[in-house]
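final_18.csv (CSV, C-alpha atoms (C1' of nucleotides)) appears below.
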```
chain,number,residue,atom,x,y,z
A,1,MET,CA,132.1,64.8,59.9
A,2,GLU,CA,132.3,63.2,63.3
A,3,GLU,CA,129.5,60.6,63.5
A,4,ASN,CA,127.3,60.7,66.5
A,5,LYS,CA,128.7,63.8,68.1
A,6,PHE,CA,125.5,65.5,69.1
A,7,LEU,CA,125.0,69.0,70.3
A,8,VAL,CA,122.0,69.5,72.6
A,9,ILE,CA,120.6,72.8,73.5
A,10,TYR,CA,118.1,72.8,76.3
A,11,GLY,CA,116.5,75.5,78.4
A,12,PRO,CA,113.3,76.9,79.8
A,13,THR,CA,110.7,78.5,77.6
A,14,ALA,CA,111.5,82.1,76.5
A,15,VAL,CA,115.2,81.9,77.4
A,16,GLY,CA,116.2,82.3,73.8
A,17,LYS,CA,117.2,78.8,72.7
A,18,THR,CA,116.0,79.1,69.1
A,19,SER,CA,118.0,82.1,68.0
A,20,LEU,CA,121.1,80.7,69.7
A,21,GLY,CA,120.6,77.4,67.9
A,22,ILE,CA,120.1,79.0,64.5
A,23,LYS,CA,123.3,81.0,64.9
A,24,LEU,CA,125.3,78.1,66.0
A,25,ALA,CA,123.9,75.8,63.3
A,26,ARG,CA,124.9,78.3,60.6
A,27,GLU,CA,128.4,78.6,61.9
A,28,PHE,CA,129.0,74.9,62.6
A,29,SER,CA,126.9,73.7,59.6
A,30,GLY,CA,124.3,72.0,61.7
A,31,GLU,CA,120.7,71.1,61.2
A,32,ILE,CA,118.3,71.4,64.1
A,33,ILE,CA,116.0,68.8,65.4
A,34,SER,CA,113.3,70.5,67.4
A,35,ALA,CA,112.6,68.7,70.7
A,36,ASP,CA,109.3,70.3,71.5
A,37,SER,CA,106.3,68.3,72.5
A,38,ARG,CA,103.9,70.9,71.3
A,39,GLN,CA,105.4,72.2,68.2
A,40,ILE,CA,105.1,68.7,66.8
A,41,TYR,CA,101.4,69.7,66.2
A,42,ARG,CA,100.4,71.1,62.9
A,43,GLU,CA,98.0,74.0,62.8
A,44,MET,CA,99.2,75.2,66.2
A,45,ASP,CA,101.7,77.8,65.3
A,46,ILE,CA,101.1,80.9,67.4
A,47,GLY,CA,100.4,79.4,70.8
A,48,THR,CA,103.3,77.0,70.6
A,49,GLY,CA,105.6,79.7,69.4
A,50,LYS,CA,106.9,78.1,66.3
A,51,ASP,CA,107.9,81.5,65.0
A,52,LEU,CA,108.0,80.2,61.4
A,53,PRO,CA,109.6,82.7,59.0
A,54,PRO,CA,107.0,84.5,56.9
A,55,GLY,CA,106.1,82.3,53.9
A,56,ALA,CA,108.0,79.3,55.3
A,57,VAL,CA,107.4,76.1,53.3
A,58,PHE,CA,107.3,72.7,54.8
A,59,HIS,CA,109.5,70.2,53.1
A,60,GLN,CA,108.3,66.7,53.8
A,61,GLU,CA,111.0,64.1,53.7
A,62,PHE,CA,109.4,60.9,54.9
A,63,VAL,CA,106.5,59.4,56.9
A,64,TYR,CA,106.9,57.0,59.7
A,65,LYS,CA,103.8,55.5,61.2
A,66,LYS,CA,101.6,58.4,62.1
A,67,GLY,CA,104.3,61.0,62.1
A,68,VAL,CA,105.5,63.1,59.2
A,69,ALA,CA,109.1,64.2,59.2
A,70,GLY,CA,110.2,67.3,57.3
A,71,TRP,CA,111.8,70.6,57.8
A,72,TYR,CA,111.4,74.3,57.5
A,73,SER,CA,114.2,76.6,56.7
A,74,PHE,CA,115.1,79.2,59.3
A,75,SER,CA,117.5,81.7,57.8
A,76,GLY,CA,119.0,78.9,55.8
A,77,VAL,CA,119.1,76.4,58.6
A,78,LYS,CA,116.9,73.3,58.4
A,79,VAL,CA,114.7,72.8,61.5
A,80,TRP,CA,113.2,69.3,61.7
A,81,LEU,CA,110.3,67.7,63.5
A,82,LEU,CA,107.9,70.6,63.5
A,83,ASP,CA,104.4,69.7,62.3
A,84,VAL,CA,104.7,66.0,62.8
A,85,VAL,CA,101.1,65.1,63.7
A,86,SER,CA,97.7,66.7,63.7
A,87,PRO,CA,96.3,68.1,67.0
A,88,GLY,CA,93.9,65.2,67.2
A,89,GLU,CA,96.7,62.7,67.4
A,90,ARG,CA,98.5,61.4,70.5
A,91,PHE,CA,102.2,61.4,70.5
A,92,SER,CA,104.9,60.2,72.9
A,93,ALA,CA,108.4,60.8,73.9
A,94,PHE,CA,109.4,57.4,72.6
A,95,GLU,CA,107.9,58.0,69.2
A,96,TRP,CA,109.7,61.3,69.0
A,97,ALA,CA,113.0,59.6,69.8
A,98,VAL,CA,112.5,57.1,67.0
A,99,LEU,CA,111.8,59.9,64.5
A,100,ALA,CA,114.7,61.9,65.8
A,101,GLU,CA,116.9,58.9,65.3
A,102,LYS,CA,115.8,58.6,61.7
A,103,VAL,CA,116.2,62.3,61.0
A,104,THR,CA,119.7,62.1,62.6
A,105,ARG,CA,120.7,59.6,59.9
A,106,LYS,CA,119.4,61.9,57.1
A,107,ILE,CA,121.4,64.8,58.5
A,108,LEU,CA,124.5,62.8,58.8
A,109,GLN,CA,124.1,61.6,55.2
A,110,GLU,CA,124.1,65.3,54.2
A,111,LYS,CA,127.4,65.7,56.1
A,112,LYS,CA,125.9,68.0,58.6
A,113,ARG,CA,126.0,68.2,62.3
A,114,VAL,CA,123.0,67.2,64.4
A,115,PHE,CA,121.7,69.8,66.9
A,116,LEU,CA,118.9,68.8,69.2
A,117,LEU,CA,117.1,71.9,70.4
A,118,GLY,CA,114.1,72.2,72.6
A,119,GLY,CA,112.5,72.5,76.0
A,120,SER,CA,110.9,69.1,76.2
A,121,ALA,CA,113.3,67.5,78.6
A,122,PHE,CA,111.6,64.2,78.6
A,123,TYR,CA,111.8,64.0,74.9
A,124,LEU,CA,115.5,64.7,74.9
A,125,LYS,CA,116.0,62.2,77.7
A,126,ALA,CA,114.2,59.5,75.7
A,127,PHE,CA,116.5,60.2,72.8
A,128,LEU,CA,119.7,60.5,74.8
A,129,GLU,CA,119.2,57.7,77.3
A,130,GLY,CA,116.4,55.6,76.0
A,131,ILE,CA,113.4,54.3,77.7
A,132,ASP,CA,113.8,51.2,79.8
A,133,TYR,CA,110.7,49.2,79.3
A,134,GLN,CA,109.1,48.4,76.1
A,135,GLN,CA,105.3,48.5,76.3
A,136,LYS,CA,103.1,50.6,74.0
A,137,PRO,CA,100.5,52.7,75.6
A,138,ASP,CA,97.3,50.8,76.0
A,139,TRP,CA,94.7,53.6,76.2
A,140,LYS,CA,91.8,51.2,77.0
A,141,LEU,CA,93.7,49.8,79.9
A,142,ARG,CA,94.7,53.3,81.0
A,143,GLU,CA,91.1,54.4,80.9
A,144,LYS,CA,90.0,51.5,82.9
A,145,LEU,CA,92.7,51.9,85.5
A,146,SER,CA,92.0,55.6,85.8
A,147,ARG,CA,88.7,54.8,87.3
A,148,LEU,CA,90.4,53.2,90.3
A,149,SER,CA,91.3,55.1,93.4
A,150,LEU,CA,94.8,56.0,94.3
A,151,ARG,CA,94.7,53.4,97.0
A,152,GLU,CA,93.5,50.7,94.7
A,153,LEU,CA,96.2,51.5,92.1
A,154,GLN,CA,98.9,51.3,94.8
A,155,ASP,CA,97.6,48.0,96.2
A,156,LYS,CA,97.5,46.6,92.7
A,157,LEU,CA,101.0,47.6,91.9
A,158,LYS,CA,102.3,46.3,95.2
A,159,ASN,CA,100.8,42.9,94.3
A,160,ILE,CA,101.6,42.6,90.6
A,161,TRP,CA,105.1,44.2,90.5
A,162,PRO,CA,106.4,44.8,94.0
A,163,GLU,CA,109.9,45.6,92.8
A,164,ARG,CA,108.7,48.5,90.8
A,165,TRP,CA,106.7,49.7,93.8
A,166,GLN,CA,109.9,49.7,95.9
A,167,GLN,CA,111.7,51.7,93.3
A,168,LEU,CA,109.1,54.5,93.2
A,169,ASN,CA,109.7,57.5,95.4
A,170,TYR,CA,107.1,59.0,97.7
A,171,ALA,CA,105.9,61.5,95.1
A,172,ASP,CA,105.5,58.9,92.3
A,173,ARG,CA,103.6,56.6,94.6
A,174,HIS,CA,101.0,59.2,94.8
A,175,ASN,CA,100.9,59.9,91.1
A,176,PRO,CA,98.2,57.9,89.3
A,177,ARG,CA,99.8,58.3,85.9
A,178,ARG,CA,103.0,56.7,87.1
A,179,LEU,CA,101.2,53.9,88.8
A,180,ILE,CA,99.0,53.3,85.7
A,181,ARG,CA,102.0,53.2,83.5
A,182,ALA,CA,103.8,50.7,85.8
A,183,LEU,CA,100.7,48.5,85.7
A,184,GLU,CA,100.6,48.8,82.0
A,185,ILE,CA,104.2,47.6,81.7
A,186,ALA,CA,103.5,44.8,84.2
A,187,GLN,CA,100.5,43.4,82.3
A,188,GLY,CA,102.6,43.4,79.1
A,189,GLY,CA,105.2,41.1,80.7
A,190,ILE,CA,107.9,43.6,81.8
A,191,ARG,CA,110.3,43.6,78.8
A,192,LYS,CA,113.5,45.5,79.4
A,193,ARG,CA,115.2,47.4,76.7
A,194,GLU,CA,118.8,48.3,76.3
A,195,LYS,CA,120.0,51.6,77.5
A,196,LYS,CA,121.2,54.1,75.0
A,197,GLU,CA,124.4,56.0,75.3
A,198,ARG,CA,124.8,59.1,73.2
A,199,ASN,CA,128.0,61.1,72.8
A,200,PHE,CA,126.8,64.6,73.2
A,201,LEU,CA,127.6,68.0,74.5
A,202,GLY,CA,124.6,69.6,76.3
A,203,ILE,CA,124.2,73.3,76.6
A,204,ARG,CA,121.8,74.2,79.3
A,205,LEU,CA,120.8,77.8,78.8
A,206,VAL,CA,119.2,79.1,81.9
A,207,ALA,CA,118.1,82.4,83.5
A,208,SER,CA,116.6,83.7,86.7
A,209,LEU,CA,112.9,83.4,87.1
A,210,SER,CA,112.6,87.2,87.2
A,211,PHE,CA,114.3,87.4,83.8
A,212,LEU,CA,112.0,84.6,82.4
A,213,ARG,CA,108.9,86.3,83.9
A,214,LYS,CA,109.6,89.4,81.8
A,215,GLN,CA,110.3,87.4,78.7
A,216,ILE,CA,107.2,85.4,79.1
A,217,LYS,CA,105.1,88.4,79.7
A,218,LYS,CA,106.3,89.9,76.4
A,219,ARG,CA,105.6,86.7,74.5
A,220,VAL,CA,102.1,86.3,75.9
A,221,GLU,CA,101.3,89.8,74.6
A,222,GLU,CA,102.9,89.2,71.2
A,223,ARG,CA,101.0,86.0,70.7
A,224,LEU,CA,97.7,87.5,71.5
A,225,LYS,CA,98.5,90.3,69.0
A,226,LYS,CA,99.5,87.7,66.4
A,227,GLY,CA,96.0,86.3,66.6
A,228,LEU,CA,96.1,83.4,69.1
A,229,LEU,CA,92.4,83.6,69.6
A,230,LYS,CA,91.7,83.2,66.0
A,231,GLU,CA,94.0,80.3,65.8
A,232,ILE,CA,92.1,78.6,68.7
A,233,GLU,CA,88.8,79.3,67.0
A,234,ALA,CA,90.0,77.7,63.8
A,235,LEU,CA,91.2,74.7,65.8
A,236,LEU,CA,87.9,74.3,67.5
A,237,LYS,CA,86.2,73.9,64.2
A,238,LYS,CA,88.1,70.8,63.5
A,239,TYR,CA,89.1,69.5,67.0
A,240,SER,CA,87.8,69.7,70.5
A,241,TRP,CA,89.1,70.6,73.9
A,242,GLU,CA,89.7,66.9,74.5
A,243,SER,CA,92.1,66.6,71.6
A,244,PRO,CA,95.6,65.9,72.7
A,245,GLY,CA,97.0,69.0,71.0
A,246,LEU,CA,94.6,71.4,72.7
A,247,ASN,CA,95.9,70.2,76.1
A,248,SER,CA,98.8,72.7,75.7
A,249,LEU,CA,99.8,75.9,77.3
A,250,ALA,CA,98.3,78.9,75.5
A,251,TYR,CA,95.3,76.8,74.5
A,252,LYS,CA,93.8,75.0,77.5
A,253,GLU,CA,93.8,78.2,79.5
A,254,PHE,CA,91.3,79.6,77.1
A,255,LYS,CA,88.7,76.9,77.4
A,256,PRO,CA,86.9,78.7,80.3
A,257,PHE,CA,86.9,81.9,78.3
A,258,PHE,CA,85.4,80.3,75.2
A,259,GLN,CA,82.8,78.6,77.4
A,260,GLY,CA,81.9,81.9,79.0
A,261,GLU,CA,83.2,80.9,82.4
A,262,ALA,CA,86.1,83.4,82.6
A,263,THR,CA,87.0,86.7,81.2
A,264,LEU,CA,89.7,87.1,78.7
A,265,GLU,CA,91.9,88.8,81.3
A,266,GLU,CA,91.5,85.8,83.7
A,267,ALA,CA,92.4,83.4,81.0
A,268,CYS,CA,95.5,85.3,80.1
A,269,GLN,CA,96.5,85.6,83.7
A,270,ARG,CA,96.2,81.8,84.1
A,271,TRP,CA,98.2,81.3,80.9
A,272,PHE,CA,101.0,83.5,82.0
A,273,LEU,CA,101.2,81.7,85.4
A,274,ASP,CA,101.2,78.3,83.7
A,275,GLU,CA,104.0,79.4,81.5
A,276,VAL,CA,106.0,80.6,84.5
A,277,HIS,CA,105.4,77.3,86.4
A,278,TYR,CA,106.4,75.4,83.3
A,279,ALA,CA,109.7,77.4,83.1
A,280,LYS,CA,110.3,76.6,86.7
A,281,ARG,CA,109.9,72.9,86.2
A,282,GLN,CA,112.1,73.0,83.1
A,283,LEU,CA,114.9,74.6,85.2
A,284,LEU,CA,115.1,71.4,87.3
A,285,TRP,CA,116.1,69.1,84.5
A,286,PHE,CA,119.7,68.1,83.7
A,287,ARG,CA,121.2,70.5,86.2
A,288,ASN,CA,123.5,67.9,87.6
A,289,HIS,CA,123.9,65.9,84.4
A,290,PRO,CA,127.6,65.4,83.6
A,291,CYS,CA,127.2,66.0,79.9
A,292,PHE,CA,125.4,69.3,80.3
A,293,VAL,CA,127.0,72.7,81.0
A,294,SER,CA,124.8,75.4,82.4
A,295,VAL,CA,125.2,78.9,81.1
A,296,SER,CA,123.2,81.9,82.3
A,297,ARG,CA,121.5,84.0,79.7
A,298,GLU,CA,122.0,86.9,82.0
A,299,ASP,CA,125.8,86.8,81.9
A,300,ASP,CA,127.3,89.3,79.5
A,301,ASP,CA,129.5,86.8,77.8
A,302,TRP,CA,127.0,84.0,77.6
A,303,GLU,CA,127.2,83.7,73.8
A,304,LEU,CA,130.9,83.7,73.8
A,305,VAL,CA,131.2,81.1,76.5
A,306,ILE,CA,128.8,78.8,74.6
A,307,HIS,CA,130.6,79.4,71.3
A,308,LYS,CA,133.9,78.4,72.9
A,309,LYS,CA,132.4,75.2,74.3
A,310,VAL,CA,130.9,74.2,71.0
A,311,LYS,CA,134.1,74.9,69.2
A,312,LYS,CA,136.1,72.8,71.6
A,313,TRP,CA,133.6,70.1,71.4
A,314,TYR,CA,133.9,69.8,67.7
A,315,TYR,CA,137.5,70.5,67.1
A,316,GLU,CA,139.4,69.2,70.1
A,317,LYS,CA,139.8,65.7,71.2
A,318,ASN,CA,137.8,64.9,74.3
A,319,GLY,CA,136.5,68.4,74.1
A,320,ARG,CA,134.0,68.7,76.8
B,1,G,C1',75.1,111.5,109.2
B,2,C,C1',71.7,107.2,109.5
B,3,C,C1',70.6,101.9,108.3
B,4,G,C1',72.6,97.1,106.7
B,5,A,C1',76.9,93.7,105.7
B,6,G,C1',81.8,92.9,106.7
B,7,G,C1',87.2,93.1,108.3
B,8,U,C1',91.1,85.8,109.1
B,9,A,C1',98.4,85.0,105.0
B,10,G,C1',100.0,88.6,98.8
B,11,C,C1',94.6,87.3,97.0
B,12,C,C1',89.9,84.3,97.6
B,13,A,C1',88.0,81.9,101.8
B,14,A,C1',86.0,78.1,106.0
B,15,G,C1',85.5,78.5,111.1
B,16,C,C1',77.5,75.7,113.8
B,17,C,C1',76.0,77.4,120.0
B,18,G,C1',83.7,80.2,123.1
B,19,G,C1',88.4,74.9,124.7
B,20,U,C1',94.4,70.4,121.3
B,21,C,C1',99.8,74.1,117.7
B,22,A,C1',92.6,78.1,112.9
B,23,C,C1',89.8,73.9,106.9
B,24,G,C1',90.8,74.8,102.1
B,25,G,C1',92.1,77.1,97.2
B,26,C,C1',95.3,80.5,94.3
B,27,A,C1',100.0,82.7,94.6
B,28,C,C1',105.0,81.9,96.6
B,29,G,C1',109.4,78.6,97.7
B,30,G,C1',111.6,73.5,97.2
B,31,G,C1',111.3,68.9,94.5
B,32,U,C1',110.0,64.1,91.7
B,33,C,C1',110.2,62.1,86.7
B,34,U,C1',112.0,55.7,82.0
B,35,G,C1',106.2,55.3,75.9
B,36,A,C1',100.3,61.3,78.1
B,37,A,C1',105.7,65.3,79.9
B,38,A,C1',103.6,72.4,77.9
B,39,A,C1',101.4,66.2,81.5
B,40,A,C1',100.9,64.2,86.3
B,41,C,C1',102.5,64.1,91.3
B,42,C,C1',105.1,65.3,96.2
B,43,C,C1',107.0,68.6,100.2
B,44,G,C1',107.2,73.5,102.7
B,45,G,C1',106.6,78.5,105.1
B,46,G,C1',103.4,82.1,106.3
B,47,A,C1',97.1,84.9,109.0
B,48,U,C1',92.5,86.2,113.2
B,49,G,C1',92.0,95.3,111.9
B,50,U,C1',93.0,98.3,116.9
B,51,C,C1',92.1,99.0,122.1
B,52,G,C1',89.5,97.4,126.2
B,53,G,C1',85.9,94.1,128.7
B,54,U,C1',83.5,89.2,130.1
B,55,U,C1',85.8,84.2,131.1
B,56,C,C1',89.9,79.3,133.9
B,57,G,C1',90.2,80.1,128.5
B,58,A,C1',88.0,84.3,122.7
B,59,C,C1',89.0,84.2,115.9
B,60,U,C1',84.4,83.0,118.2
B,61,C,C1',80.6,86.9,123.2
B,62,C,C1',80.2,92.5,124.6
B,63,G,C1',81.8,97.8,124.0
B,64,A,C1',84.5,101.6,121.6
B,65,C,C1',87.5,103.0,117.7
B,66,C,C1',89.5,102.6,112.7
B,67,C,C1',88.7,100.9,107.8
B,68,U,C1',85.8,98.5,103.4
B,69,C,C1',81.2,97.6,100.7
B,70,G,C1',75.9,98.4,99.7
B,71,G,C1',71.5,101.4,100.6
B,72,C,C1',69.2,105.9,102.5
B,73,A,C1',70.3,110.8,102.8
```

Can I see the file as structure tokens?
Amino acid sequence: MEENKFLVIYGPTAVGKTSLGIKLAREFSGEIISADSRQIYREMDIGTGKDLPPGAVFHQEFVYKKGVAGWYSFSGVKVWLLDVVSPGERFSAFEWAVLAEKVTRKILQEKKRVFLLGGSAFYLKAFLEGIDYQQKPDWKLREKLSRLSLRELQDKLKNIWPERWQQLNYADRHNPRRLIRALEIAQGGIRKREKKERNFLGIRLVASLSFLRKQIKKRVEERLKKGLLKEIEALLKKYSWESPGLNSLAYKEFKPFFQGEATLEEACQRWFLDEVHYAKRQLLWFRNHPCFVSVSREDDDWELVIHKKVKKWYYEKNGR
RNA sequence: GCCGAGGUAGCCAAGCCGGUCACGGCACGGGUCUGAAAAACCCGGGAUGUCGGUUCGACUCCGACCCUCGGCA
């Protein structure tokens, strides 16, 4: 098996990545690593759309720091990195990339191909290209800095790390999170890390917004029927609205409802819109990346086209 | 029919006593992204119900009309 020849399947929510991934994995004997920043949370199945097969059993393989790595079988295909941490736990793109790396080795040991599949672009990016600076999140510092005004954060960064300030674009200079992160790196001494270079074929499965709107609408209704509200109630018994996991689509929108400040209908409307906005933002990633090919889900031959690309990727030299 | 309230963008909504290209929010469109990313942030286009009147000048004042809402009948 070709080492380090990854297949990446990326696309907006509700475009149909998972079923595509399972099909391809079966045919090309792959195992899937889920790149989903919300499905890493245990106990959050309906809202995050894990779509676990009925009676699916979690097979734990190893524990690394706070994360548990294991797999579920989807029609015979192993899907890794679901249910990694509890909803009360913070997680990061970097930590995900580390786990994904470890899982990768397991999969290769089994002589299987590695498929990375998911909609969390930043997670994929962290795995595929690495993250430049090494500096762990310092939540105490972040909390302290978050009390400063935008202006103060900007001035601070200009003083402490002027080069970084220069690099930031207009949008980021107004983004407290980015400024805080930059200050966090600066106070840690600015340690650079080597860039990663992965050999991969990226499939970017896309669709028009009107198509996605329809799909999202369906999903929203399905998930409500499946008992999303009950799932949230159960979560609230153990966690709170402040828990990292609960700050997810399909959950956070129901906070006003559960607190009596909005009707169910209003909450659902908000949720639907948030999902659409999310899909729109997802559509922006990787669209000009040289290793990604974009295929529209609305083309009649989309599956065929992808199939050919994958085949070429695995069986032909320089097949991209 | 009478009384009261009101008609500002797709929706919600500011606009004291008339004076630069009419505040915002949501939606919509376009983007950013290096350890919170389903996050956070940036940019953009659109509006004064209709007809008259007063005035140098009206979203703002007056009149009529047309709608909407609440109450009385």

Please identify all residues of chain B having at least one atom at most 7 Å from any atom of chain A, considering all atoms listed in the file, and return them as an mmCIF file with C-alpha atoms (C1' of nucleotides), keeping the file's coordinate frame.
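Writing the result to result-v8.cif gives the following:
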```cif
data_model
loop_
_atom_site.group_PDB
_atom_site.id
_atom_site.type_symbol
_atom_site.label_atom_id
_atom_site.label_comp_id
_atom_site.auth_asym_id
_atom_site.auth_seq_id
_atom_site.Cartn_x
_atom_site.Cartn_y
_atom_site.Cartn_z
ATOM 1 C "C1'" U B 32 110.000 64.100 91.700
ATOM 2 C "C1'" U B 34 112.000 55.700 82.000
ATOM 3 C "C1'" G B 35 106.200 55.300 75.900
ATOM 4 C "C1'" A B 37 105.700 65.300 79.900
ATOM 5 C "C1'" A B 38 103.600 72.400 77.900
ATOM 6 C "C1'" A B 40 100.900 64.200 86.300
ATOM 7 C "C1'" C B 41 102.500 64.100 91.300
ATOM 8 C "C1'" C B 42 105.100 65.300 96.200
#
```

Using only C-alpha atoms, find each residue of segment 148-261 of chain A with at least one atom at most 10 Å away from an atom of segment 299-311 of chain A; report its shortest atom-to-atom pair and that distance in Å (one decimal), sort the rows by chain and rising residue number, and return the result as a Markdown table.
```
| residue | atom | partner | partner_atom | distance |
| --- | --- | --- | --- | --- |
| A:Leu201 | CA | A:Val310 | CA | 7.8 |
| A:Gly202 | CA | A:Val310 | CA | 9.4 |
| A:Ile203 | CA | A:Ile306 | CA | 7.4 |
| A:Arg204 | CA | A:Ile306 | CA | 9.6 |
| A:Leu205 | CA | A:Trp302 | CA | 8.8 |
| A:Ala207 | CA | A:Asp299 | CA | 9.0 |
```

Let me see the file: selected residues, C-alpha atoms, as a CSV table (one decimal), in the frame of the given file.
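Dumped everything to part.csv:
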```csv
chain,number,residue,atom,x,y,z
A,201,LEU,CA,127.6,68.0,74.5
A,202,GLY,CA,124.6,69.6,76.3
A,203,ILE,CA,124.2,73.3,76.6
A,204,ARG,CA,121.8,74.2,79.3
A,205,LEU,CA,120.8,77.8,78.8
A,207,ALA,CA,118.1,82.4,83.5
```

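Across the model, the gap from atom C1' of A73 of chain B to atom C1' of G1 of chain B is 8.0 Å.
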
For this session: Could you tell me how far atom CA of Ser19 of chain A lies from atom CA of Phe74 of chain A, in Å and to one decimal?
Result: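 According to the coordinates, atom CA of Ser19 of chain A and atom CA of Phe74 of chain A are separated by 9.6 Å.
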
For this session: Find the distance between atom CA of Arg42 of chain A and atom CA of Phe6 of chain A and write it in Å to one decimal.
Result: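 Taking atom CA of Arg42 of chain A as the start and atom CA of Phe6 of chain A as the end point, the length is 26.5 Å.
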
For this session: Identify which of the residues A:Lys252, A:Glu152, A:Met44, A:Ala182 lies closest to Ala234 of chain A, counting all atoms listed in the file when measuring atom-to-atom distances.
Result: A:Met44

Problem set entry | Contact residues around segment 9-25 of chain B with all atoms listed in the file at 9 Å, ignoring same-chain residues under 2 positions, as a ChimeraX atom specification | /B:27-28,46-48,57-61
